[in-house]
Amino acid sequence: MKKHILIAALVISIPADFVQAERTAVDKLLQDYAAQGATTANAERGKRMWDETFSRDGDFRWKEMEEYEHRSTDVAAVENPVYKEECGSCHMAYPPGLLPARSWTKMMAGLEDHFGDDAELDADIHQAISRFLVKNSADQSDYRRSRKFSQSIGSNDAPIRISDTPYFRHEHDEIADRMVTGNPKVKSLSQCDACHTDAERGAFNEHDINIPGYGRWDD
Ligand code: HEC
Ligand code: HEC
């Protein structure tokens with residue numbers, strides 16, 4: 001009788017240990033992802049790992065991970081090479097999810113005097129970039145941070161500076177001038193990537209902020 005109980009216990013306990021070990025491994029992986037900001041590539045690695053182990057739980061955790069990635073990357077990353085090339089030479093290629101469609105349309109209509117610079121483009125490229133910006137604009141996006149940008153702007157307003165939007169101003173009103181305009185490595189708040197180390201990937205959360213000469217931002 002005792003022997004039977006022992007065998008039964010072994011049969012149950014071995015897979016349970018295995019499950020536990022896998023769970024611990026995946027939890028560790030998720031923590032690593034969180035630390036790295038959960039890029040698409042490592043989220044996909046995580047999905048594969050789950051698929052290879054327990055598919056039912058895997059589906060569940062995959063949704064959780066996708067949602068996490070969605071939240072943590074704030075706005076969609078810039079993945080358009082033409083846009084990066086044409087609109088990323090003088091400053092970073094700003095993620096389209098930082099301004100509403102009407103702002104991009106207005107900006108694209110005035111590229112020959114773009115904040116004092118001539119940034120005019122050939123007609124076909126102009127059209128392709130306009131389409132890309134409008135399609136991925138803040139008011140078309142369900143990324144958390146894009147919603148915040150778009151909701152902060154009055155429906156009749158079309159600011160062409162991200163740094164002029166109410167949400168942006170609210171988030172940056174505590175930063176001293178000496179860290180921005182008085183800082184030769186930053187110069188202006190338009191240089192998102194001077195402080196937000198992963199800005200082109202759309203990551204603006206406080207863990208990815210490093211103000212040159214002042215270090216990591218601790219709130
Ligand atoms: C020839 C250089 C140049 C090119 C090319 C260029 N820009 Fe700019 N852009 C500027 C300058 C200069 C500013 C003002 C920066 C400042 O005030 O510090 C600016 C500002 C901006 C801003 C506002 C930043 C803020 O303060 O929120 C946006 C948005 C922007 N550009 C988008 C674009 C887009 C989209 C394209 C491609 C169609 C583009 N830029 C191409 C020079 C350029
Ligand atoms: C001088 C450095 C600096 C520059 C340049 C800068 N930021 Fe920031 N940003 C910060 C700091 C610091 C915070 C955190 C403020 C706080 O927590 O009080 C912040 C916060 C934010 C937040 C909110 C983050 C959160 O977790 O709620 C967003 C979104 C953001 N910045 C976007 C931008 C964009 C877009 C640009 C460029 C147009 C930009 N920032 C330029 C330093 C900068």
# chains A, B, ... in the order shown; residues from 1 in each chain; ligands from 1
$ closest_atom_pairs --of "chain A" --to "ligand 2" --cutoff "8 Å" --atoms "only C-alpha atoms and all ligand atoms" --output "tab-separated table"
residue	atom	partner	partner_atom_place_in_ligand_line	distance
A:Asp74	CA	ligand 2	29 (C)	7.6
A:Tyr94	CA	ligand 2	35 (C)	7.5
A:Leu98	CA	ligand 2	35 (C)	6.5
A:Arg145	CA	ligand 2	29 (C)	6.3
A:Phe149	CA	ligand 2	29 (C)	7.9
A:Arg161	CA	ligand 2	38 (C)	7.7
A:Ile162	CA	ligand 2	38 (C)	5.3
A:Ser163	CA	ligand 2	38 (C)	5.1
A:Tyr167	CA	ligand 2	29 (C)	7.8
A:Phe168	CA	ligand 2	30 (C)	6.2
A:Glu171	CA	ligand 2	20 (C)	5.1
A:His172	CA	ligand 2	15 (C)	5.5
A:Asp173	CA	ligand 2	18 (O)	7.6
A:Glu174	CA	ligand 2	18 (O)	6.0
A:Ile175	CA	ligand 2	12 (C)	6.2
A:Met179	CA	ligand 2	1 (C)	5.7
A:Val180	CA	ligand 2	1 (C)	4.7
A:Val186	CA	ligand 2	5 (C)	6.1
A:Lys187	CA	ligand 2	5 (C)	7.9
A:Ser188	CA	ligand 2	5 (C)	6.0
A:Leu189	CA	ligand 2	5 (C)	3.9
A:Ser190	CA	ligand 2	38 (C)	4.4
A:Gln191	CA	ligand 2	5 (C)	4.6
A:Cys192	CA	ligand 2	37 (C)	3.3
A:Asp193	CA	ligand 2	5 (C)	6.6
A:Ala194	CA	ligand 2	5 (C)	5.6
A:Cys195	CA	ligand 2	2 (C)	4.3
A:His196	CA	ligand 2	7 (N)	6.1
A:Ala199	CA	ligand 2	35 (C)	7.4
A:Phe204	CA	ligand 2	28 (C)	5.0
A:Asn205	CA	ligand 2	26 (O)	3.8
A:Glu206	CA	ligand 2	26 (O)	4.6
A:His207	CA	ligand 2	26 (O)	7.9
A:Ile209	CA	ligand 2	12 (C)	6.3
A:Asn210	CA	ligand 2	2 (C)	7.4
A:Ile211	CA	ligand 2	2 (C)	5.3
A:Pro212	CA	ligand 2	2 (C)	7.9
A:Trp217	CA	ligand 2	12 (C)	5.5
A:Asp218	CA	ligand 2	17 (O)	7.7
A:Asp219	CA	ligand 2	17 (O)	5.6
$ select_by_dssp --residues "range 39-217 of chain A" --states "strand (DSSP E or B)" --output "list in words"
His114, Asp117, His196, Ile209, Asn210, Ile211, Gly215 and Arg216 of chain A
$ write_last_selection --atoms "C-alpha atoms" --output "mmCIF file, in the first residue's frame"
data_model
loop_
_atom_site.group_PDB
_atom_site.id
_atom_site.type_symbol
_atom_site.label_atom_id
_atom_site.label_comp_id
_atom_site.auth_asym_id
_atom_site.auth_seq_id
_atom_site.Cartn_x
_atom_site.Cartn_y
_atom_site.Cartn_z
ATOM 1 C CA HIS A 114 10.174 73.453 -42.208
ATOM 2 C CA ASP A 117 14.885 74.585 -43.182
ATOM 3 C CA HIS A 196 15.134 59.008 -24.214
ATOM 4 C CA ILE A 209 15.741 58.237 -19.684
ATOM 5 C CA ASN A 210 19.314 59.419 -19.363
ATOM 6 C CA ILE A 211 19.944 63.164 -19.492
ATOM 7 C CA GLY A 215 22.434 60.671 -15.661
ATOM 8 C CA ARG A 216 19.387 58.532 -15.154
#
$ residues_near_ligand --ligand "ligand 1" --cutoff "10 Å" --atoms "only C-alpha atoms and all ligand atoms" --output "PyMOL selection string"
chain A and resi 82-96+98-99+103-105+107-121+125-126+129-130+133+159-165+168+181+186-192
$ atom_distance --atom1 "CA of Gly213 in chain A" --atom2 "CA of Asp198 in chain A"
17.6 Å
$ residues_around --residues "Gln140 in chain A" --least-positions-apart "2" --cutoff "10 Å" --atoms "only C-alpha atoms" --output "PyMOL selection string"
chain A and resi 96-97+99-101+134-138+142-143+146-147+150
$ atom_distance --atom1 "CA of Ala77 in chain A" --atom2 "CA of Glu200 in chain A"
6.0 Å
$ atom_distance --atom1 "CA of Gln151 in chain A" --atom2 "CA of Thr197 in chain A"
25.0 Å
$ select_by_dssp --residues "range 87-155 of chain A" --states "helix (DSSP H, G or I)" --output "MDAnalysis selection string"
chainID A and resid 87 96:98 101:108 111:113 123:135 138:140 144:152
$ write_last_selection --atoms "N, CA and C atoms" --output "compact mmCIF listing (two decimals), in the first residue's frame"
# COMPACT_ATOMS: atom_id res chain seq x y z
N CYS A 87 13.41 61.61 -43.23
CA CYS A 87 12.99 62.45 -42.10
C CYS A 87 13.83 62.20 -40.86
N PRO A 96 5.49 58.31 -35.85
CA PRO A 96 4.25 58.97 -36.28
C PRO A 96 3.18 59.02 -35.19
N GLY A 97 3.23 58.07 -34.26
CA GLY A 97 2.24 58.01 -33.18
C GLY A 97 2.37 59.11 -32.16
N LEU A 98 3.20 60.13 -32.44
CA LEU A 98 3.35 61.25 -31.50
C LEU A 98 2.51 62.46 -31.88
N ALA A 101 -3.15 62.86 -37.17
CA ALA A 101 -3.07 62.92 -38.63
C ALA A 101 -3.12 64.36 -39.14
N ARG A 102 -4.02 65.19 -38.56
CA ARG A 102 -4.16 66.56 -39.08
C ARG A 102 -2.87 67.36 -38.90
N SER A 103 -2.08 67.04 -37.87
CA SER A 103 -0.81 67.73 -37.67
C SER A 103 0.20 67.34 -38.74
N TRP A 104 0.27 66.03 -39.02
CA TRP A 104 1.20 65.57 -40.06
C TRP A 104 0.83 66.14 -41.42
N THR A 105 -0.47 66.18 -41.72
CA THR A 105 -0.91 66.71 -43.01
C THR A 105 -0.49 68.17 -43.14
N LYS A 106 -0.68 68.91 -42.05
CA LYS A 106 -0.31 70.33 -42.06
C LYS A 106 1.22 70.48 -42.24
N MET A 107 1.98 69.69 -41.52
CA MET A 107 3.44 69.77 -41.63
C MET A 107 3.91 69.43 -43.04
N MET A 108 3.35 68.37 -43.60
CA MET A 108 3.79 67.91 -44.92
C MET A 108 3.44 68.93 -46.01
N LEU A 111 6.70 71.79 -46.20
CA LEU A 111 8.08 71.32 -46.03
C LEU A 111 9.14 72.28 -46.60
N GLU A 112 8.72 73.16 -47.54
CA GLU A 112 9.75 74.06 -48.10
C GLU A 112 10.22 75.08 -47.05
N ASP A 113 9.38 75.33 -46.04
CA ASP A 113 9.85 76.11 -44.88
C ASP A 113 9.51 75.34 -43.61
N ALA A 123 7.80 64.38 -55.40
CA ALA A 123 6.36 64.16 -55.24
C ALA A 123 6.01 62.74 -54.79
N ASP A 124 6.65 61.72 -55.39
CA ASP A 124 6.26 60.34 -55.04
C ASP A 124 6.65 59.99 -53.60
N ILE A 125 7.84 60.44 -53.20
CA ILE A 125 8.28 60.18 -51.82
C ILE A 125 7.42 60.97 -50.84
N HIS A 126 7.10 62.20 -51.22
CA HIS A 126 6.25 63.04 -50.39
C HIS A 126 4.92 62.32 -50.11
N GLN A 127 4.36 61.75 -51.17
CA GLN A 127 3.07 61.08 -51.05
C GLN A 127 3.17 59.82 -50.18
N ALA A 128 4.24 59.05 -50.39
CA ALA A 128 4.42 57.82 -49.63
C ALA A 128 4.59 58.13 -48.13
N ILE A 129 5.39 59.15 -47.84
CA ILE A 129 5.64 59.50 -46.43
C ILE A 129 4.38 60.07 -45.79
N SER A 130 3.65 60.90 -46.51
CA SER A 130 2.40 61.44 -45.97
C SER A 130 1.44 60.31 -45.62
N ARG A 131 1.33 59.35 -46.52
CA ARG A 131 0.43 58.22 -46.28
C ARG A 131 0.85 57.45 -45.03
N PHE A 132 2.14 57.21 -44.92
CA PHE A 132 2.68 56.48 -43.77
C PHE A 132 2.39 57.22 -42.46
N LEU A 133 2.62 58.54 -42.47
CA LEU A 133 2.43 59.33 -41.24
C LEU A 133 0.97 59.33 -40.82
N VAL A 134 0.07 59.53 -41.78
CA VAL A 134 -1.36 59.60 -41.46
C VAL A 134 -1.86 58.25 -40.96
N LYS A 135 -1.44 57.19 -41.65
CA LYS A 135 -1.91 55.85 -41.28
C LYS A 135 -1.46 55.45 -39.87
N ALA A 138 -1.07 59.41 -34.20
CA ALA A 138 -1.51 59.16 -32.82
C ALA A 138 -3.00 58.85 -32.73
N ASP A 139 -3.82 59.53 -33.54
CA ASP A 139 -5.27 59.29 -33.42
C ASP A 139 -5.72 58.01 -34.11
N GLN A 140 -4.81 57.35 -34.85
CA GLN A 140 -5.15 56.07 -35.47
C GLN A 140 -4.58 54.90 -34.67
N ARG A 144 -0.77 53.01 -25.94
CA ARG A 144 -1.17 53.81 -24.78
C ARG A 144 -0.69 55.25 -24.87
N ARG A 145 0.58 55.42 -25.18
CA ARG A 145 1.14 56.77 -25.18
C ARG A 145 0.58 57.60 -26.33
N SER A 146 0.33 56.97 -27.46
CA SER A 146 -0.25 57.70 -28.59
C SER A 146 -1.62 58.25 -28.22
N ARG A 147 -2.41 57.44 -27.49
CA ARG A 147 -3.73 57.90 -27.05
C ARG A 147 -3.58 59.16 -26.19
N LYS A 148 -2.57 59.14 -25.33
CA LYS A 148 -2.39 60.28 -24.44
C LYS A 148 -2.04 61.54 -25.22
N PHE A 149 -1.15 61.40 -26.19
CA PHE A 149 -0.80 62.57 -27.01
C PHE A 149 -2.05 63.07 -27.72
N SER A 150 -2.75 62.16 -28.36
CA SER A 150 -3.87 62.60 -29.19
C SER A 150 -5.01 63.17 -28.34
N GLN A 151 -5.27 62.55 -27.17
CA GLN A 151 -6.36 63.05 -26.34
C GLN A 151 -6.07 64.41 -25.71
N SER A 152 -4.79 64.76 -25.61
CA SER A 152 -4.46 66.03 -24.96
C SER A 152 -4.65 67.23 -25.91
$ decode --residues "range 154-200 of chain A" --atoms "C-alpha atoms" --output "PDB file, in the first residue's frame"
ATOM      1  CA  GLY A 154      -8.050  70.068 -28.810  1.00  0.00           C
ATOM      2  CA  SER A 155     -10.002  68.808 -31.811  1.00  0.00           C
ATOM      3  CA  ASN A 156      -9.523  72.132 -33.644  1.00  0.00           C
ATOM      4  CA  ASP A 157      -5.790  72.300 -32.942  1.00  0.00           C
ATOM      5  CA  ALA A 158      -3.102  70.869 -35.196  1.00  0.00           C
ATOM      6  CA  PRO A 159       0.253  71.536 -33.517  1.00  0.00           C
ATOM      7  CA  ILE A 160       3.197  70.699 -35.766  1.00  0.00           C
ATOM      8  CA  ARG A 161       5.546  70.367 -32.822  1.00  0.00           C
ATOM      9  CA  ILE A 162       5.279  67.303 -30.612  1.00  0.00           C
ATOM     10  CA  SER A 163       6.945  69.475 -27.972  1.00  0.00           C
ATOM     11  CA  ASP A 164       3.975  71.905 -28.186  1.00  0.00           C
ATOM     12  CA  THR A 165       1.314  69.333 -27.301  1.00  0.00           C
ATOM     13  CA  PRO A 166      -0.294  69.663 -23.854  1.00  0.00           C
ATOM     14  CA  TYR A 167       0.639  66.106 -22.851  1.00  0.00           C
ATOM     15  CA  PHE A 168       4.281  66.717 -23.762  1.00  0.00           C
ATOM     16  CA  ARG A 169       4.418  70.023 -21.905  1.00  0.00           C
ATOM     17  CA  HIS A 170       2.847  68.470 -18.833  1.00  0.00           C
ATOM     18  CA  GLU A 171       5.438  65.659 -18.796  1.00  0.00           C
ATOM     19  CA  HIS A 172       8.434  67.986 -19.192  1.00  0.00           C
ATOM     20  CA  ASP A 173       7.537  70.970 -17.036  1.00  0.00           C
ATOM     21  CA  GLU A 174       9.820  69.902 -14.182  1.00  0.00           C
ATOM     22  CA  ILE A 175      13.012  69.677 -16.225  1.00  0.00           C
ATOM     23  CA  ALA A 176      15.387  72.561 -15.537  1.00  0.00           C
ATOM     24  CA  ASP A 177      16.609  74.682 -18.493  1.00  0.00           C
ATOM     25  CA  ARG A 178      20.226  73.957 -17.603  1.00  0.00           C
ATOM     26  CA  MET A 179      19.545  70.307 -18.518  1.00  0.00           C
ATOM     27  CA  VAL A 180      18.045  71.248 -21.888  1.00  0.00           C
ATOM     28  CA  THR A 181      18.817  74.574 -23.596  1.00  0.00           C
ATOM     29  CA  GLY A 182      21.863  75.090 -21.334  1.00  0.00           C
ATOM     30  CA  ASN A 183      23.114  71.580 -22.103  1.00  0.00           C
ATOM     31  CA  PRO A 184      25.293  71.391 -25.251  1.00  0.00           C
ATOM     32  CA  LYS A 185      24.509  67.664 -25.585  1.00  0.00           C
ATOM     33  CA  VAL A 186      20.750  68.304 -25.694  1.00  0.00           C
ATOM     34  CA  LYS A 187      20.096  71.904 -26.893  1.00  0.00           C
ATOM     35  CA  SER A 188      16.322  71.578 -27.218  1.00  0.00           C
ATOM     36  CA  LEU A 189      13.392  69.461 -26.112  1.00  0.00           C
ATOM     37  CA  SER A 190      12.921  68.499 -29.766  1.00  0.00           C
ATOM     38  CA  GLN A 191      15.932  66.185 -29.449  1.00  0.00           C
ATOM     39  CA  CYS A 192      13.963  63.370 -27.812  1.00  0.00           C
ATOM     40  CA  ASP A 193      16.713  60.831 -28.378  1.00  0.00           C
ATOM     41  CA  ALA A 194      19.280  62.891 -26.467  1.00  0.00           C
ATOM     42  CA  CYS A 195      17.485  61.849 -23.256  1.00  0.00           C
ATOM     43  CA  HIS A 196      15.134  59.008 -24.214  1.00  0.00           C
ATOM     44  CA  THR A 197      17.679  56.359 -25.091  1.00  0.00           C
ATOM     45  CA  ASP A 198      15.192  54.193 -27.018  1.00  0.00           C
ATOM     46  CA  ALA A 199      13.063  56.919 -28.615  1.00  0.00           C
ATOM     47  CA  GLU A 200      13.014  55.571 -32.171  1.00  0.00           C
TER      48      GLU A 200
END
